[in-house]
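*Asks:* My structure is in query.cif, and what it holds is mmCIF, N, CA and C atoms:
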data_data
#
loop_
_atom_site.label_atom_id
_atom_site.label_comp_id
_atom_site.auth_asym_id
_atom_site.auth_seq_id
_atom_site.Cartn_x
_atom_site.Cartn_y
_atom_site.Cartn_z
N MET A 257 76.69 -38.19 14.54
CA MET A 257 77.21 -39.23 13.69
C MET A 257 77.80 -38.58 12.44
N THR A 258 78.99 -38.97 12.07
CA THR A 258 79.64 -38.45 10.88
C THR A 258 79.57 -39.49 9.77
N VAL A 259 79.21 -39.06 8.59
CA VAL A 259 79.13 -39.93 7.43
C VAL A 259 80.27 -39.56 6.49
N THR A 260 81.01 -40.56 6.02
CA THR A 260 82.09 -40.31 5.07
C THR A 260 81.63 -40.75 3.70
N GLU A 261 81.84 -39.90 2.73
CA GLU A 261 81.41 -40.17 1.36
C GLU A 261 82.64 -40.08 0.44
N ARG A 262 82.84 -41.08 -0.40
CA ARG A 262 83.97 -41.07 -1.32
C ARG A 262 83.47 -40.99 -2.75
N THR A 263 84.02 -40.03 -3.49
CA THR A 263 83.69 -39.88 -4.91
C THR A 263 84.96 -39.51 -5.66
N ASN A 264 85.33 -40.35 -6.63
CA ASN A 264 86.51 -40.07 -7.46
C ASN A 264 87.73 -39.62 -6.65
N SER A 265 88.10 -40.39 -5.69
CA SER A 265 89.26 -40.17 -4.82
C SER A 265 89.14 -38.92 -3.94
N THR A 266 87.97 -38.31 -3.89
CA THR A 266 87.74 -37.18 -3.00
C THR A 266 86.91 -37.68 -1.83
N GLU A 267 87.30 -37.31 -0.65
CA GLU A 267 86.57 -37.72 0.54
C GLU A 267 85.90 -36.51 1.16
N ARG A 268 84.60 -36.64 1.43
CA ARG A 268 83.86 -35.56 2.08
C ARG A 268 83.25 -36.11 3.36
N ARG A 269 83.28 -35.33 4.40
CA ARG A 269 82.65 -35.71 5.66
C ARG A 269 81.54 -34.70 5.96
N HIS A 270 80.42 -35.22 6.41
CA HIS A 270 79.34 -34.34 6.82
C HIS A 270 78.54 -35.02 7.91
N GLU A 271 77.86 -34.22 8.67
CA GLU A 271 77.04 -34.75 9.74
C GLU A 271 75.75 -35.32 9.18
N ALA A 272 75.35 -36.51 9.67
CA ALA A 272 74.06 -37.08 9.29
C ALA A 272 72.97 -36.16 9.85
N ALA A 273 71.97 -35.88 9.05
CA ALA A 273 70.95 -34.92 9.46
C ALA A 273 69.60 -35.58 9.62
N ARG A 274 68.79 -35.03 10.48
CA ARG A 274 67.40 -35.45 10.62
C ARG A 274 66.64 -34.80 9.47
N GLN A 275 65.76 -35.54 8.87
CA GLN A 275 64.93 -35.00 7.79
C GLN A 275 63.68 -34.40 8.42
N HIS A 276 63.38 -33.16 8.06
CA HIS A 276 62.24 -32.45 8.63
C HIS A 276 61.42 -31.85 7.50
N PHE A 277 60.11 -32.06 7.57
CA PHE A 277 59.18 -31.55 6.57
C PHE A 277 58.18 -30.66 7.28
N THR A 278 57.90 -29.50 6.71
CA THR A 278 56.93 -28.60 7.31
C THR A 278 55.78 -28.37 6.33
N LEU A 279 54.57 -28.53 6.83
CA LEU A 279 53.37 -28.28 6.03
C LEU A 279 52.74 -26.97 6.47
N GLY A 280 52.36 -26.14 5.51
CA GLY A 280 51.60 -24.94 5.80
C GLY A 280 50.14 -25.33 5.95
N VAL A 281 49.51 -24.92 7.05
CA VAL A 281 48.13 -25.32 7.33
C VAL A 281 47.23 -24.10 7.52
N GLY A 282 45.95 -24.27 7.23
CA GLY A 282 44.99 -23.19 7.37
C GLY A 282 44.52 -22.98 8.79
N ASP A 283 44.47 -24.04 9.58
CA ASP A 283 44.01 -23.97 10.96
C ASP A 283 44.94 -24.85 11.79
N LEU A 284 45.85 -24.23 12.51
CA LEU A 284 46.87 -24.98 13.25
C LEU A 284 46.27 -25.91 14.30
N ASP A 285 45.26 -25.44 15.04
CA ASP A 285 44.65 -26.29 16.07
C ASP A 285 44.00 -27.52 15.45
N ARG A 286 43.27 -27.34 14.36
CA ARG A 286 42.63 -28.47 13.68
C ARG A 286 43.68 -29.46 13.18
N ALA A 287 44.74 -28.95 12.55
CA ALA A 287 45.79 -29.82 12.02
C ALA A 287 46.50 -30.56 13.15
N LYS A 288 46.76 -29.88 14.24
CA LYS A 288 47.42 -30.51 15.39
C LYS A 288 46.55 -31.65 15.93
N ARG A 289 45.25 -31.42 16.07
CA ARG A 289 44.33 -32.48 16.54
C ARG A 289 44.33 -33.66 15.57
N PHE A 290 44.32 -33.37 14.27
CA PHE A 290 44.29 -34.44 13.27
C PHE A 290 45.49 -35.36 13.44
N TYR A 291 46.69 -34.80 13.51
CA TYR A 291 47.90 -35.62 13.59
C TYR A 291 48.12 -36.21 14.98
N ALA A 292 47.89 -35.43 16.03
CA ALA A 292 48.17 -35.90 17.39
C ALA A 292 47.08 -36.83 17.91
N GLU A 293 45.85 -36.38 17.85
CA GLU A 293 44.75 -37.18 18.40
C GLU A 293 44.22 -38.19 17.40
N GLY A 294 44.02 -37.75 16.16
CA GLY A 294 43.43 -38.63 15.15
C GLY A 294 44.36 -39.74 14.70
N LEU A 295 45.63 -39.39 14.43
CA LEU A 295 46.58 -40.40 13.95
C LEU A 295 47.50 -40.91 15.06
N GLY A 296 47.47 -40.25 16.21
CA GLY A 296 48.27 -40.70 17.35
C GLY A 296 49.76 -40.45 17.23
N TRP A 297 50.16 -39.46 16.44
CA TRP A 297 51.58 -39.17 16.27
C TRP A 297 52.08 -38.35 17.46
N PRO A 298 53.22 -38.73 18.03
CA PRO A 298 53.71 -38.02 19.21
C PRO A 298 54.27 -36.63 18.88
N ILE A 299 53.90 -35.67 19.71
CA ILE A 299 54.42 -34.31 19.55
C ILE A 299 55.84 -34.29 20.09
N LEU A 300 56.76 -33.85 19.26
CA LEU A 300 58.17 -33.76 19.63
C LEU A 300 58.48 -32.42 20.28
N GLN A 301 57.88 -31.35 19.72
CA GLN A 301 58.16 -30.01 20.21
C GLN A 301 57.08 -29.05 19.75
N GLU A 302 56.81 -28.03 20.58
CA GLU A 302 55.89 -26.95 20.21
C GLU A 302 56.54 -25.62 20.58
N GLN A 303 56.39 -24.64 19.70
CA GLN A 303 56.92 -23.31 19.99
C GLN A 303 56.07 -22.29 19.23
N GLY A 304 55.36 -21.47 19.96
CA GLY A 304 54.49 -20.49 19.32
C GLY A 304 53.54 -21.16 18.35
N PRO A 305 53.44 -20.64 17.11
CA PRO A 305 52.51 -21.21 16.14
C PRO A 305 53.12 -22.36 15.34
N TRP A 306 53.99 -23.15 15.94
CA TRP A 306 54.66 -24.26 15.25
C TRP A 306 54.60 -25.48 16.14
N VAL A 307 54.30 -26.63 15.54
CA VAL A 307 54.29 -27.90 16.27
C VAL A 307 55.02 -28.93 15.42
N CYS A 308 55.75 -29.81 16.07
CA CYS A 308 56.57 -30.79 15.37
C CYS A 308 56.28 -32.19 15.91
N PHE A 309 56.10 -33.14 15.01
CA PHE A 309 55.81 -34.53 15.36
C PHE A 309 56.99 -35.43 15.00
N ALA A 310 57.29 -36.38 15.87
CA ALA A 310 58.33 -37.38 15.58
C ALA A 310 57.73 -38.41 14.62
N LEU A 311 58.51 -38.80 13.63
CA LEU A 311 58.07 -39.81 12.67
C LEU A 311 58.99 -41.02 12.76
N GLY A 312 58.40 -42.19 12.69
CA GLY A 312 59.18 -43.43 12.65
C GLY A 312 60.12 -43.56 13.83
N ASP A 313 61.37 -43.83 13.54
CA ASP A 313 62.38 -44.06 14.58
C ASP A 313 62.99 -42.75 15.07
N GLY A 314 62.44 -41.63 14.67
CA GLY A 314 62.96 -40.34 15.11
C GLY A 314 63.94 -39.70 14.14
N SER A 315 64.23 -40.36 13.02
CA SER A 315 65.16 -39.78 12.05
C SER A 315 64.47 -38.74 11.17
N SER A 316 63.16 -38.67 11.25
CA SER A 316 62.40 -37.69 10.48
C SER A 316 61.37 -37.02 11.39
N ALA A 317 60.94 -35.83 10.98
CA ALA A 317 59.95 -35.10 11.75
C ALA A 317 59.05 -34.33 10.80
N LEU A 318 57.81 -34.12 11.22
CA LEU A 318 56.84 -33.35 10.46
C LEU A 318 56.46 -32.12 11.27
N GLY A 319 56.62 -30.95 10.69
CA GLY A 319 56.22 -29.72 11.34
C GLY A 319 54.95 -29.16 10.72
N LEU A 320 54.17 -28.45 11.52
CA LEU A 320 52.98 -27.73 11.05
C LEU A 320 53.17 -26.27 11.42
N TYR A 321 52.84 -25.39 10.47
CA TYR A 321 53.02 -23.95 10.67
C TYR A 321 51.92 -23.26 9.88
N PRO A 322 51.37 -22.16 10.35
CA PRO A 322 50.32 -21.48 9.57
C PRO A 322 50.80 -21.19 8.14
N ALA A 323 49.94 -21.50 7.16
CA ALA A 323 50.31 -21.41 5.75
C ALA A 323 50.79 -20.02 5.36
N ASP A 324 50.10 -18.97 5.82
CA ASP A 324 50.52 -17.62 5.44
C ASP A 324 51.89 -17.27 6.02
N ALA A 325 52.16 -17.71 7.25
CA ALA A 325 53.46 -17.45 7.86
C ALA A 325 54.56 -18.26 7.19
N LEU A 326 54.26 -19.49 6.79
CA LEU A 326 55.25 -20.31 6.12
C LEU A 326 55.58 -19.72 4.74
N ALA A 327 54.55 -19.26 4.03
CA ALA A 327 54.78 -18.62 2.72
C ALA A 327 55.63 -17.36 2.90
N ALA A 328 55.33 -16.56 3.92
CA ALA A 328 56.11 -15.35 4.17
C ALA A 328 57.56 -15.71 4.50
N ASP A 329 57.75 -16.78 5.27
CA ASP A 329 59.09 -17.23 5.62
C ASP A 329 59.89 -17.58 4.36
N ALA A 330 59.20 -18.19 3.38
CA ALA A 330 59.85 -18.59 2.14
C ALA A 330 59.91 -17.45 1.12
N GLY A 331 59.20 -16.36 1.41
CA GLY A 331 59.21 -15.21 0.50
C GLY A 331 58.35 -15.41 -0.74
N VAL A 332 57.26 -16.19 -0.60
CA VAL A 332 56.36 -16.43 -1.73
C VAL A 332 54.93 -16.11 -1.33
N ALA A 333 54.05 -15.99 -2.32
CA ALA A 333 52.64 -15.71 -2.06
C ALA A 333 51.96 -16.94 -1.46
N ALA A 334 51.03 -16.72 -0.54
CA ALA A 334 50.34 -17.81 0.14
C ALA A 334 49.19 -18.40 -0.69
N GLU A 335 48.74 -17.71 -1.74
CA GLU A 335 47.61 -18.19 -2.52
C GLU A 335 48.00 -19.46 -3.28
N GLY A 336 47.01 -20.26 -3.58
CA GLY A 336 47.26 -21.48 -4.34
C GLY A 336 46.29 -22.56 -3.94
N LYS A 337 45.73 -23.24 -4.91
CA LYS A 337 44.77 -24.31 -4.66
C LYS A 337 45.10 -25.50 -5.55
N GLY A 338 44.44 -26.62 -5.30
CA GLY A 338 44.61 -27.80 -6.14
C GLY A 338 45.86 -28.58 -5.84
N PHE A 339 46.27 -29.42 -6.77
CA PHE A 339 47.45 -30.25 -6.58
C PHE A 339 48.68 -29.38 -6.42
N ARG A 340 49.47 -29.67 -5.40
CA ARG A 340 50.61 -28.83 -5.05
C ARG A 340 51.92 -29.38 -5.58
N GLY A 341 51.88 -30.45 -6.36
CA GLY A 341 53.10 -31.00 -6.94
C GLY A 341 53.92 -31.84 -5.99
N ILE A 342 53.33 -32.26 -4.86
CA ILE A 342 54.06 -33.08 -3.90
C ILE A 342 53.08 -33.98 -3.16
N THR A 343 53.54 -35.18 -2.87
CA THR A 343 52.80 -36.06 -1.96
C THR A 343 53.79 -36.54 -0.91
N LEU A 344 53.27 -36.90 0.23
CA LEU A 344 54.07 -37.46 1.31
C LEU A 344 53.73 -38.94 1.40
N SER A 345 54.67 -39.75 1.79
CA SER A 345 54.42 -41.19 1.89
C SER A 345 54.61 -41.67 3.31
N HIS A 346 53.74 -42.56 3.71
CA HIS A 346 53.84 -43.23 5.01
C HIS A 346 53.94 -44.72 4.68
N VAL A 347 55.11 -45.30 4.90
CA VAL A 347 55.36 -46.69 4.54
C VAL A 347 55.08 -47.57 5.75
N VAL A 348 54.25 -48.58 5.55
CA VAL A 348 53.85 -49.48 6.64
C VAL A 348 54.20 -50.91 6.29
N GLY A 349 54.03 -51.81 7.24
CA GLY A 349 54.48 -53.18 7.07
C GLY A 349 53.48 -54.17 6.53
N SER A 350 52.20 -53.79 6.37
CA SER A 350 51.22 -54.77 5.91
C SER A 350 50.03 -54.09 5.24
N GLU A 351 49.30 -54.88 4.45
CA GLU A 351 48.08 -54.36 3.82
C GLU A 351 47.05 -53.97 4.87
N ALA A 352 46.99 -54.74 5.94
CA ALA A 352 46.04 -54.43 7.01
C ALA A 352 46.34 -53.07 7.62
N ARG A 353 47.63 -52.73 7.74
CA ARG A 353 48.01 -51.44 8.31
C ARG A 353 47.67 -50.29 7.35
N VAL A 354 47.79 -50.54 6.03
CA VAL A 354 47.35 -49.52 5.05
C VAL A 354 45.88 -49.22 5.28
N ASP A 355 45.06 -50.27 5.34
CA ASP A 355 43.62 -50.11 5.54
C ASP A 355 43.32 -49.39 6.85
N ALA A 356 44.03 -49.79 7.92
CA ALA A 356 43.79 -49.20 9.24
C ALA A 356 44.16 -47.72 9.27
N LEU A 357 45.29 -47.37 8.67
CA LEU A 357 45.73 -45.97 8.69
C LEU A 357 44.81 -45.09 7.86
N LEU A 358 44.34 -45.60 6.73
CA LEU A 358 43.37 -44.83 5.93
C LEU A 358 42.09 -44.60 6.74
N ALA A 359 41.64 -45.62 7.46
CA ALA A 359 40.43 -45.49 8.29
C ALA A 359 40.67 -44.50 9.43
N GLU A 360 41.85 -44.54 10.06
CA GLU A 360 42.19 -43.59 11.13
C GLU A 360 42.15 -42.16 10.60
N ALA A 361 42.74 -41.96 9.43
CA ALA A 361 42.78 -40.62 8.85
C ALA A 361 41.36 -40.11 8.57
N GLU A 362 40.52 -40.97 8.05
CA GLU A 362 39.14 -40.56 7.74
C GLU A 362 38.37 -40.24 9.02
N ARG A 363 38.51 -41.07 10.05
CA ARG A 363 37.84 -40.80 11.33
C ARG A 363 38.32 -39.50 11.95
N ALA A 364 39.58 -39.16 11.71
CA ALA A 364 40.17 -37.95 12.30
C ALA A 364 39.80 -36.68 11.54
N GLY A 365 39.09 -36.80 10.42
CA GLY A 365 38.67 -35.62 9.66
C GLY A 365 39.35 -35.48 8.31
N GLY A 366 40.19 -36.43 7.95
CA GLY A 366 40.79 -36.44 6.62
C GLY A 366 39.81 -37.01 5.61
N THR A 367 40.17 -36.97 4.34
CA THR A 367 39.33 -37.56 3.30
C THR A 367 40.15 -38.58 2.53
N ILE A 368 39.49 -39.62 2.09
CA ILE A 368 40.16 -40.65 1.29
C ILE A 368 40.21 -40.14 -0.15
N ALA A 369 41.41 -39.89 -0.64
CA ALA A 369 41.58 -39.40 -2.00
C ALA A 369 41.59 -40.56 -2.99
N LYS A 370 42.11 -41.70 -2.57
CA LYS A 370 42.16 -42.90 -3.40
C LYS A 370 42.10 -44.10 -2.47
N PRO A 371 41.04 -44.89 -2.55
CA PRO A 371 40.93 -46.05 -1.66
C PRO A 371 42.10 -47.03 -1.88
N ALA A 372 42.39 -47.81 -0.84
CA ALA A 372 43.47 -48.80 -0.94
C ALA A 372 43.19 -49.76 -2.09
N GLN A 373 44.27 -50.09 -2.80
CA GLN A 373 44.14 -50.97 -3.97
C GLN A 373 45.48 -51.55 -4.36
N ARG A 374 45.44 -52.56 -5.20
CA ARG A 374 46.66 -53.16 -5.73
C ARG A 374 47.26 -52.21 -6.76
N ALA A 375 48.57 -52.13 -6.74
CA ALA A 375 49.28 -51.30 -7.71
C ALA A 375 49.72 -52.15 -8.89
N ALA A 376 49.94 -51.52 -10.03
CA ALA A 376 50.41 -52.23 -11.22
C ALA A 376 51.74 -52.92 -10.95
N TRP A 377 52.54 -52.36 -10.04
CA TRP A 377 53.85 -52.93 -9.72
C TRP A 377 53.77 -54.03 -8.66
N GLY A 378 52.53 -54.37 -8.23
CA GLY A 378 52.34 -55.48 -7.30
C GLY A 378 52.16 -55.09 -5.86
N GLY A 379 52.33 -53.83 -5.53
CA GLY A 379 52.19 -53.39 -4.14
C GLY A 379 50.75 -53.10 -3.78
N TYR A 380 50.56 -52.48 -2.64
CA TYR A 380 49.24 -52.15 -2.12
C TYR A 380 49.33 -50.76 -1.50
N PHE A 381 48.41 -49.86 -1.86
CA PHE A 381 48.50 -48.48 -1.39
C PHE A 381 47.15 -47.78 -1.48
N GLY A 382 47.05 -46.64 -0.83
CA GLY A 382 45.91 -45.74 -0.92
C GLY A 382 46.38 -44.36 -0.53
N TYR A 383 45.54 -43.35 -0.77
CA TYR A 383 45.87 -41.97 -0.43
C TYR A 383 44.79 -41.37 0.46
N PHE A 384 45.23 -40.54 1.42
CA PHE A 384 44.29 -39.69 2.13
C PHE A 384 44.80 -38.26 2.06
N ALA A 385 43.88 -37.31 2.24
CA ALA A 385 44.23 -35.90 2.33
C ALA A 385 43.94 -35.45 3.75
N ASP A 386 44.88 -34.72 4.35
CA ASP A 386 44.63 -34.17 5.68
C ASP A 386 43.64 -33.02 5.55
N PRO A 387 43.18 -32.41 6.65
CA PRO A 387 42.18 -31.35 6.55
C PRO A 387 42.59 -30.14 5.71
N ASP A 388 43.90 -29.97 5.45
CA ASP A 388 44.35 -28.87 4.60
C ASP A 388 44.60 -29.30 3.16
N GLY A 389 44.30 -30.57 2.85
CA GLY A 389 44.44 -31.05 1.48
C GLY A 389 45.80 -31.63 1.14
N HIS A 390 46.71 -31.76 2.11
CA HIS A 390 48.01 -32.38 1.85
C HIS A 390 47.80 -33.88 1.63
N LEU A 391 48.34 -34.38 0.52
CA LEU A 391 48.15 -35.79 0.15
C LEU A 391 49.20 -36.69 0.78
N TRP A 392 48.72 -37.77 1.39
CA TRP A 392 49.58 -38.78 1.99
C TRP A 392 49.31 -40.12 1.31
N LYS A 393 50.35 -40.74 0.78
CA LYS A 393 50.26 -42.08 0.22
C LYS A 393 50.62 -43.06 1.34
N VAL A 394 49.75 -44.01 1.60
CA VAL A 394 50.02 -45.05 2.58
C VAL A 394 50.29 -46.32 1.78
N VAL A 395 51.48 -46.90 1.95
CA VAL A 395 51.93 -47.98 1.08
C VAL A 395 52.65 -49.05 1.89
N VAL A 396 52.50 -50.30 1.47
CA VAL A 396 53.24 -51.40 2.10
C VAL A 396 54.68 -51.35 1.62
N GLY A 397 55.60 -51.44 2.56
CA GLY A 397 57.01 -51.47 2.24
C GLY A 397 57.72 -52.48 3.12
N THR A 398 58.95 -52.76 2.80
CA THR A 398 59.73 -53.69 3.60
C THR A 398 61.03 -53.03 4.02
N GLY A 399 61.69 -53.64 4.96
CA GLY A 399 63.00 -53.15 5.38
C GLY A 399 62.90 -51.89 6.20
N PHE A 400 63.92 -51.04 6.07
CA PHE A 400 64.04 -49.87 6.94
C PHE A 400 62.98 -48.82 6.69
N LEU A 401 62.28 -48.86 5.57
CA LEU A 401 61.29 -47.85 5.27
C LEU A 401 59.96 -48.06 6.00
N ALA A 402 59.67 -49.30 6.34
CA ALA A 402 58.38 -49.59 6.98
C ALA A 402 58.40 -49.17 8.43
N GLU A 403 57.22 -48.72 8.94
CA GLU A 403 57.12 -48.31 10.34
C GLU A 403 57.29 -49.47 11.26
#
For the file at hand, write its structure as structure tokens.

*Replies:*
Amino acid sequence: MTVTERTNSTERRHEAARQHFTLGVGDLDRAKRFYAEGLGWPILQEQGPWVCFALGDGSSALGLYPADALAADAGVAAEGKGFRGITLSHVVGSEARVDALLAEAERAGGTIAKPAQRAAWGGYFGYFADPDGHLWKVVVGTGFLAE
């Protein structure tokens, strides 16, 4: 699919791209079980020490790769603890689904970082951390963002 973008009488064409996110994990087998078996996310592809899950309608994907190998790929040190300056969001269609997904994550070996609650802006959300500490915000959304 080609997307045309117009800015100040300049036209640019580029191919629409799939969004892909890769998380560095400490134990690939454990992380794979968490996402595939615990959360029920379909595996899109596996190759060596890398596994990829389809997200939503297939326009996005989540990859898992050993943390030390991912750091080496990026040319940075693998050390680091605590808040990593990023959270991932999983947008769902109802408050009940927020509660259910948080419970699924906890049963699968994740931890609840922030229980589901009303937001100051009127929404409903909670956070879980996967077994490697990656934070996921589960939030009610509408339209194309909701699962």

*Asks:* Between atom N of Gly378 in chain A and atom N of Ser350 in chain A, what distance in Å does the model show, to one decimal?

*Replies:*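 Going from atom N of Gly378 in chain A over to atom N of Ser350 in chain A, I get 14.6 Å.
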
*Asks:* Could you check which residues have any atom within 7 Å of (50.4, -15.7, 2.0), counting only N, CA and C atoms with coordinates taken straight from the file, and then list them as a PyMOL selection string?

*Replies:* chain A and resi 323-325+327-328+332-335

*Asks:* Nearest to Thr367 in chain A: which of A:Ala317, A:Ala352, A:Leu326, A:Phe290 is it, counting only C-alpha atoms?

*Replies:*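 Answer, going by the shortest atom-to-atom distance: A:Phe290.
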
*Asks:* Any chance you could work out the residue set of the PyMOL selection byres ((chain A and resi 384) around 8) here, as a PyMOL selection string?

*Replies:* chain A and resi 357-358+361-362+366-371+382-383+385-387+389-394

*Asks:* Apply DSSP to the structure's backbone, then extract all residues of range 258-392 of chain A labelled strand (DSSP E) and return them as JSON, numbers by chain.

*Replies:* {"A": [258, 259, 260, 261, 262, 263, 266, 267, 268, 269, 270, 271, 275, 276, 277, 278, 279, 280, 281, 299, 300, 301, 302, 303, 306, 307, 308, 309, 310, 311, 316, 317, 318, 319, 320, 321, 322, 344, 345, 346, 347, 348, 367, 368, 369, 370, 371, 372, 373, 374, 380, 381, 382, 383, 384, 385, 391, 392]}

*Asks:* For a quick check of understanding, using all atoms listed in the file, which of A:Asp329, A:Glu360, A:Asp388, A:Asp355 has the smallest distance to Arg286 in chain A?

*Replies:*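 Of A:Asp329, A:Glu360, A:Asp388, A:Asp355, the one nearest Arg286 in chain A, counting all atoms listed in the file, is A:Asp388.
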
*Asks:* Can you tell me which residues surround range 300-306 of chain A at a distance of at most 5 Å, considering only N, CA and C atoms, apart from same-chain residues fewer than 2 positions away, and format the answer as a PyMOL selection string?

*Replies:* chain A and resi 298+308-310+320-321

*Asks:* Rounded to one decimal, what separation in Å do you get between CA of Arg363 in chain A and CA of Gly312 in chain A?

*Replies:* 21.5 Å

*Asks:* CA of Gly397 in chain A and CA of Ala376 in chain A, how far apart in Å?

*Replies:*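 Separating CA of Ala376 in chain A from CA of Gly397 in chain A is a distance of 15.0 Å.
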
*Asks:* Pick out the closest residue to Val396 in chain A from this set: A:Gly282, A:Asp313, A:Pro322, A:Glu351. Count all atoms listed in the file.

*Replies:* A:Glu351

*Asks:* Taking the DSSP secondary structure from the backbone, can you list the residues of range 316-393 of chain A that are alpha helix (DSSP H), as a list in words?

*Replies:*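 Across range 316-393 of chain A, those assigned alpha helix (DSSP H) are Ala323, Asp324, Ala325, Leu326, Ala327, Ala328, Asp329, Ala330, Glu351, Ala352, Arg353, Val354, Asp355, Ala356, Leu357, Leu358, Ala359, Glu360, Ala361, Glu362 and Arg363 of chain A.
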
*Asks:* Just give me the residues with any atom within 6.5 Å of (58.3, -31.9, 5.9), file coordinates, counting all atoms listed in the file, written as JSON, numbers by chain.

*Replies:* {"A": [275, 276, 277, 278, 279, 317, 318, 319]}
